[in-house]
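Here is protein_11.cif, consisting of mmCIF, C-alpha atoms (C1' of nucleotides):
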```cif
data_my_file
#
loop_
_atom_site.label_atom_id
_atom_site.label_comp_id
_atom_site.auth_asym_id
_atom_site.auth_seq_id
_atom_site.Cartn_x
_atom_site.Cartn_y
_atom_site.Cartn_z
CA MET A 4 -69.05 -0.22 21.85
CA ASP A 5 -69.06 -1.86 18.72
CA THR A 6 -67.97 0.63 16.23
CA GLY A 7 -68.85 -2.01 13.80
CA ASP A 8 -66.01 -4.40 13.54
CA ARG A 9 -68.09 -6.55 11.37
CA LEU A 10 -66.16 -7.95 8.51
CA LEU A 11 -67.11 -7.48 4.91
CA THR A 12 -66.29 -9.62 1.94
CA PRO A 13 -64.54 -8.20 -1.10
CA GLY A 14 -67.77 -8.43 -3.03
CA GLU A 15 -69.63 -6.36 -0.47
CA VAL A 16 -66.95 -3.70 -0.39
CA ALA A 17 -66.93 -3.64 -4.15
CA ALA A 18 -70.68 -3.16 -4.19
CA LEU A 19 -70.40 -0.33 -1.67
CA PHE A 20 -67.86 1.48 -3.79
CA ARG A 21 -69.46 0.41 -7.02
CA VAL A 22 -66.22 -0.96 -8.32
CA ASP A 23 -65.01 -4.34 -9.40
CA PRO A 24 -64.02 -6.79 -6.64
CA LYS A 25 -60.67 -7.01 -8.36
CA THR A 26 -60.16 -3.35 -7.66
CA VAL A 27 -60.83 -3.88 -3.98
CA THR A 28 -58.22 -6.61 -4.02
CA ARG A 29 -55.78 -4.18 -5.56
CA TRP A 30 -56.45 -1.67 -2.81
CA ALA A 31 -55.69 -4.28 -0.23
CA ALA A 32 -52.60 -5.40 -2.06
CA ALA A 33 -51.38 -1.82 -2.23
CA GLY A 34 -52.07 -1.26 1.42
CA ARG A 35 -54.63 1.42 0.76
CA ILE A 36 -57.12 -0.45 2.89
CA GLY A 37 -56.59 -2.77 5.79
CA SER A 38 -57.43 -6.38 5.24
CA ILE A 39 -57.71 -9.52 7.31
CA ARG A 40 -56.97 -12.82 5.68
CA THR A 41 -58.76 -16.03 6.37
CA PRO A 42 -56.67 -19.17 6.77
CA GLY A 43 -57.76 -19.94 3.27
CA GLY A 44 -56.27 -16.78 1.85
CA HIS A 45 -59.43 -14.82 1.24
CA ARG A 46 -59.66 -11.26 2.48
CA ARG A 47 -62.10 -9.69 4.88
CA PHE A 48 -62.45 -5.95 5.44
CA ARG A 49 -63.54 -4.07 8.51
CA GLU A 50 -66.87 -2.43 8.03
CA SER A 51 -65.84 0.56 10.12
CA GLU A 52 -62.85 1.24 7.94
CA VAL A 53 -64.81 0.83 4.75
CA ARG A 54 -67.49 3.17 5.97
CA ALA A 55 -64.91 5.72 6.96
CA LEU A 56 -63.52 5.58 3.47
CA LEU A 57 -66.95 5.91 1.99
CA GLU A 58 -67.80 8.89 4.13
CA GLY A 59 -64.76 10.60 2.87
CA GLU A 60 -63.62 10.87 6.41
CA GLY A 61 -60.58 12.98 6.05
CA MET A 62 -61.04 13.78 2.47
CA LEU A 63 -61.06 17.44 1.93
CA ASP A 64 -63.42 18.97 -0.46
CA GLU A 65 -63.04 17.68 -3.90
CA ALA A 66 -65.33 20.19 -5.38
CA ASP A 67 -62.54 22.02 -7.05
CA GLU A 68 -60.19 19.21 -7.16
CA MET A 69 -59.38 18.07 -10.60
CA GLY A 70 -55.70 17.58 -10.79
CA ARG A 71 -55.75 15.01 -8.09
CA PRO A 72 -52.05 15.01 -7.25
CA ARG A 73 -51.99 11.61 -5.92
CA ASN A 74 -48.58 10.21 -6.08
CA ALA A 75 -46.92 12.94 -8.00
CA GLY A 76 -46.34 15.05 -4.93
CA PRO A 77 -44.07 14.12 -2.10
CA THR A 78 -45.59 12.96 1.11
CA ALA A 79 -48.81 12.46 -0.54
CA SER A 80 -50.60 11.51 2.57
CA THR A 81 -53.67 11.43 0.60
CA GLY A 82 -56.68 11.89 2.50
CA PRO A 83 -57.76 9.95 5.40
CA ALA A 84 -54.61 10.50 7.12
CA GLY A 85 -53.98 7.09 8.06
CA PRO A 86 -55.94 4.06 8.58
CA ALA A 87 -58.65 5.84 10.33
CA ASN A 88 -57.79 3.55 13.16
CA ALA A 89 -60.80 1.60 12.40
CA GLY A 90 -60.42 -1.10 14.74
CA MET A 91 -57.64 -0.98 17.08
CA TYR A 92 -58.39 -0.83 20.59
CA MET B 19 -55.46 -14.86 33.29
CA ASP B 20 -56.58 -17.19 30.74
CA THR B 21 -55.02 -16.10 27.60
CA GLY B 22 -57.01 -18.60 25.75
CA ASP B 23 -57.90 -21.75 27.44
CA ARG B 24 -61.40 -21.00 26.43
CA LEU B 25 -62.76 -23.14 23.70
CA LEU B 26 -64.85 -21.74 20.91
CA THR B 27 -67.44 -23.53 18.85
CA PRO B 28 -67.30 -23.59 15.06
CA GLY B 29 -70.14 -21.11 14.99
CA GLU B 30 -68.21 -18.66 17.15
CA VAL B 31 -65.12 -18.90 15.00
CA ALA B 32 -67.20 -18.57 11.87
CA ALA B 33 -68.77 -15.37 13.17
CA LEU B 34 -65.35 -13.96 14.00
CA PHE B 35 -64.04 -14.58 10.52
CA ARG B 36 -67.30 -13.80 8.81
CA VAL B 37 -67.36 -17.18 7.15
CA ASP B 38 -69.61 -20.20 7.19
CA PRO B 39 -69.26 -22.67 10.08
CA LYS B 40 -68.64 -25.30 7.47
CA THR B 41 -65.61 -23.39 6.34
CA VAL B 42 -64.17 -23.45 9.85
CA THR B 43 -64.66 -27.18 9.92
CA ARG B 44 -62.83 -27.39 6.63
CA TRP B 45 -59.91 -25.45 8.09
CA ALA B 46 -59.68 -27.91 10.92
CA ALA B 47 -59.89 -30.82 8.53
CA ALA B 48 -57.11 -29.32 6.45
CA GLY B 49 -54.96 -28.76 9.50
CA ARG B 50 -54.94 -24.99 9.05
CA ILE B 51 -56.22 -24.51 12.55
CA GLY B 52 -55.87 -26.60 15.66
CA SER B 53 -58.98 -28.33 16.84
CA ILE B 54 -60.05 -30.38 19.80
CA ARG B 55 -62.64 -33.02 19.26
CA THR B 56 -65.36 -33.86 21.70
CA PRO B 57 -66.08 -37.52 22.34
CA GLY B 58 -69.01 -37.09 20.01
CA GLY B 59 -66.91 -35.83 17.13
CA HIS B 60 -67.66 -32.12 17.29
CA ARG B 61 -64.77 -29.68 17.14
CA ARG B 62 -63.71 -26.95 19.54
CA PHE B 63 -61.13 -24.26 18.85
CA ARG B 64 -58.79 -22.40 21.14
CA GLU B 65 -59.66 -18.75 21.49
CA SER B 66 -56.02 -17.74 21.66
CA GLU B 67 -55.26 -19.37 18.36
CA VAL B 68 -58.29 -17.89 16.69
CA ARG B 69 -57.48 -14.41 17.92
CA ALA B 70 -53.94 -14.77 16.71
CA LEU B 71 -55.18 -15.67 13.28
CA LEU B 72 -57.56 -12.74 13.25
CA GLU B 73 -54.94 -10.21 14.17
CA GLY B 74 -52.78 -11.25 11.34
CA GLU B 75 -50.37 -13.31 13.30
CA GLY B 76 -47.18 -11.61 12.38
CA MET B 77 -48.35 -10.09 9.22
CA LEU B 78 -49.24 -6.45 9.28
CA ASP B 79 -50.36 -5.73 5.82
CA GLU B 80 -49.27 -6.55 2.41
CA ALA B 81 -48.53 -3.03 1.49
CA ASP B 82 -45.28 -2.88 -0.16
CA GLU B 83 -44.63 0.26 -1.98
CA MET B 84 -46.44 2.71 -4.04
CA GLY B 85 -48.61 5.08 -2.24
CA ARG B 86 -47.83 5.77 1.32
CA PRO B 87 -47.09 3.60 4.24
CA ARG B 88 -49.80 3.29 6.71
CA ASN B 89 -49.20 3.55 10.36
CA ALA B 90 -47.52 0.68 11.97
CA GLY B 91 -49.55 -1.61 14.04
CA PRO B 92 -49.22 -1.96 17.76
CA THR B 93 -46.18 -4.08 17.80
CA ALA B 94 -47.16 -7.40 16.66
CA SER B 95 -45.20 -8.98 19.41
CA THR B 96 -43.54 -12.14 18.63
CA GLY B 97 -45.31 -14.57 16.58
CA PRO B 98 -46.62 -17.15 18.91
CA ALA B 99 -45.35 -20.27 17.54
CA GLY B 100 -46.06 -20.00 14.00
CA PRO B 101 -47.82 -23.22 13.56
CA ALA B 102 -48.25 -24.95 10.38
CA ASN B 103 -49.54 -22.22 8.34
CA ALA B 104 -49.06 -23.41 4.95
CA GLY B 105 -50.88 -23.50 2.21
CA MET B 106 -51.50 -21.10 -0.49
CA TYR B 107 -50.80 -22.12 -3.90
"C1'" DT C 15 -87.22 -39.10 27.45
"C1'" DA C 16 -88.14 -35.16 24.49
"C1'" DA C 17 -87.16 -30.96 22.03
"C1'" DC C 18 -84.25 -27.60 20.24
"C1'" DA C 19 -80.15 -25.51 18.13
"C1'" DT C 20 -75.68 -26.65 16.47
"C1'" DT C 21 -72.42 -29.58 14.04
"C1'" DA C 22 -70.69 -33.19 10.93
"C1'" DG C 23 -70.67 -35.10 6.39
"C1'" DG C 24 -71.14 -35.01 1.28
"C1'" DG C 25 -72.09 -32.60 -3.03
"C1'" DT C 26 -72.63 -28.60 -6.08
"C1'" DA C 27 -72.69 -23.44 -7.35
"C1'" DA C 28 -70.68 -18.90 -6.39
"C1'" DT C 29 -66.95 -16.03 -4.96
"C1'" DT C 30 -62.12 -14.93 -4.56
"C1'" DA C 31 -57.07 -15.03 -5.45
"C1'" DG C 32 -53.37 -14.43 -8.55
"C1'" DG C 33 -51.14 -13.36 -12.82
"C1'" DG C 34 -50.69 -10.95 -17.20
"C1'" DA C 35 -52.21 -7.88 -20.90
"C1'" DC C 36 -54.89 -4.10 -22.84
"C1'" DC D 27 -51.29 5.70 -12.54
"C1'" DT D 28 -56.01 3.70 -11.92
"C1'" DT D 29 -59.74 0.74 -13.36
"C1'" DG D 30 -62.11 -3.14 -15.78
"C1'" DT D 31 -61.91 -7.63 -18.12
"C1'" DC D 32 -59.59 -12.08 -19.54
"C1'" DC D 33 -57.84 -16.67 -17.78
"C1'" DT D 34 -57.13 -20.84 -14.22
"C1'" DA D 35 -57.08 -22.66 -9.55
"C1'" DA D 36 -58.33 -22.49 -4.84
"C1'" DT D 37 -61.49 -21.28 -1.32
"C1'" DT D 38 -65.89 -20.50 0.26
"C1'" DA D 39 -71.19 -20.73 0.47
"C1'" DC D 40 -75.43 -23.16 0.34
"C1'" DC D 41 -78.12 -27.50 -0.38
"C1'" DC D 42 -79.35 -31.82 2.08
"C1'" DT D 43 -79.81 -35.59 6.19
"C1'" DA D 44 -78.06 -37.66 10.48
"C1'" DA D 45 -75.72 -37.26 14.83
"C1'" DT D 46 -74.22 -34.57 18.84
"C1'" DG D 47 -74.64 -31.05 22.68
"C1'" DT D 48 -77.33 -28.57 26.06
#
```
Mind turning this structure into structure tokens?
Amino acid sequence: MDTGDRLLTPGEVAALFRVDPKTVTRWAAAGRIGSIRTPGGHRRFRESEVRALLEGEGMLDEADEMGRPRNAGPTASTGPAGPANAGMY
Amino acid sequence: MDTGDRLLTPGEVAALFRVDPKTVTRWAAAGRIGSIRTPGGHRRFRESEVRALLEGEGMLDEADEMGRPRNAGPTASTGPAGPANAGMY
DNA sequence: TAACATTAGGGTAATTAGGGAC
DNA sequence: CTTGTCCTAATTACCCTAATGT
């Protein structure tokens, strides 16, 4: 059962989200997305986790959302409720 | 049970890290990962060491603050024997 | 022995990391 | 507060040919 633990490079993740690779790096640095480091220091991301984030897995409807109380509120717990347990066994 | 007496080829390790086999060879040359040489000069890597590197080897994530803490990993156990992991600038 | 895929080795582009500022 | 762009340095990817492993 490979849920897809393929690893993606920062550039691929950035392309998927249509953001700058630097932004993906910031997400990883902030702990918003799990990352695996190569011995050289580069990051690799789990495809399953990235796809979960793309799907909006856990994200409620944002149709009416405009305020986007991200950090302002306590216990933000924004969205995906956790790491989506992408890859743990 | 063999926790890792199995030896992996550069191609195997490269696939695990989603990097080029040449990069794995470079890691071995730089001493970032242990390697066993065949009489012919080819390298073999210990599966236990590779898996330890993949898991993060004692490093959960670099999340620090801001946002919310993600779930904690499954007890990272004790770091094996933190080998010479040195190197970032 | 022969054939095939993989690996080693060097060299050169492309990508990534990290910081700091707007 | 988030994102994109600037910089420099390090790491990685792809090019090649020859040797090794099965």
Counting only C-alpha atoms (C1' of nucleotides), select every polymer residue within 8 Å of (-74.4, -32.6, 20.6) as defined in the file's coordinates, and provide the selection as a PyMOL selection string.
(chain B and resi 58+60) or (chain C and resi 20-21) or (chain D and resi 45-48)
Chain A contacts to chain B at 6 Å (all atoms listed in the file) as an NGL selection string
:A and (10 or 32-34 or 85)
Export, as a compact mmCIF listing (two decimals), in the frame of the given file, the selected residues with C-alpha atoms.
```txt
# COMPACT_ATOMS: atom_id res chain seq x y z
CA LEU A 10 -66.16 -7.95 8.51
CA ALA A 32 -52.60 -5.40 -2.06
CA ALA A 33 -51.38 -1.82 -2.23
CA GLY A 34 -52.07 -1.26 1.42
CA GLY A 85 -53.98 7.09 8.06
```
Selected residue of minimal separation from chain C among A:Ile39, A:Glu15, A:Gly44, A:Arg54, counting all atoms listed in the file:
A:Gly44
Using the chain letters and numbering of this document, enumerate as a PyMOL selection string the residues selected by the PyMOL selection byres ((chain C) within 12 of (chain B)).
chain C and resi 19-24+31-32
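Each of D:DC32, D:DA39, D:DA44, D:DC27 was checked against chain A using all atoms listed in the file; the smallest atom-to-atom distance is that of D:DC27.
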Please identify all residues of chain D having at least one atom at most 8 Å from any atom of chain A, considering only C-alpha atoms (C1' of nucleotides), and return them as a PyMOL selection string.
chain D and resi 29-30+37
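Note that atom CA of B:Val68 and atom CA of A:Glu52 are 21.5 Å apart.
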Output the residue selection produced by the PyMOL selection byres ((chain C and resi 29) around 7) on the file above, formatted as a VMD selection string.
(chain C and resid 28 30) or (chain D and resid 38)
Sel. within 8 Å of pt (-63.1, -24.2, 22.8), counting all atoms listed in the file, output as a list in words:
Asp23, Arg24, Leu25, Leu26, Thr27, Ile54, Arg62, Phe63, Arg64 and Glu65 of chain B
Please, what distance in Å, to one decimal, runs between atom CA of B:Ser53 and atom CA of B:Val31?
11.4 Å
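We find atom C1' of C:DA27 and atom C1' of D:DC40 to be spaced 8.2 Å apart.
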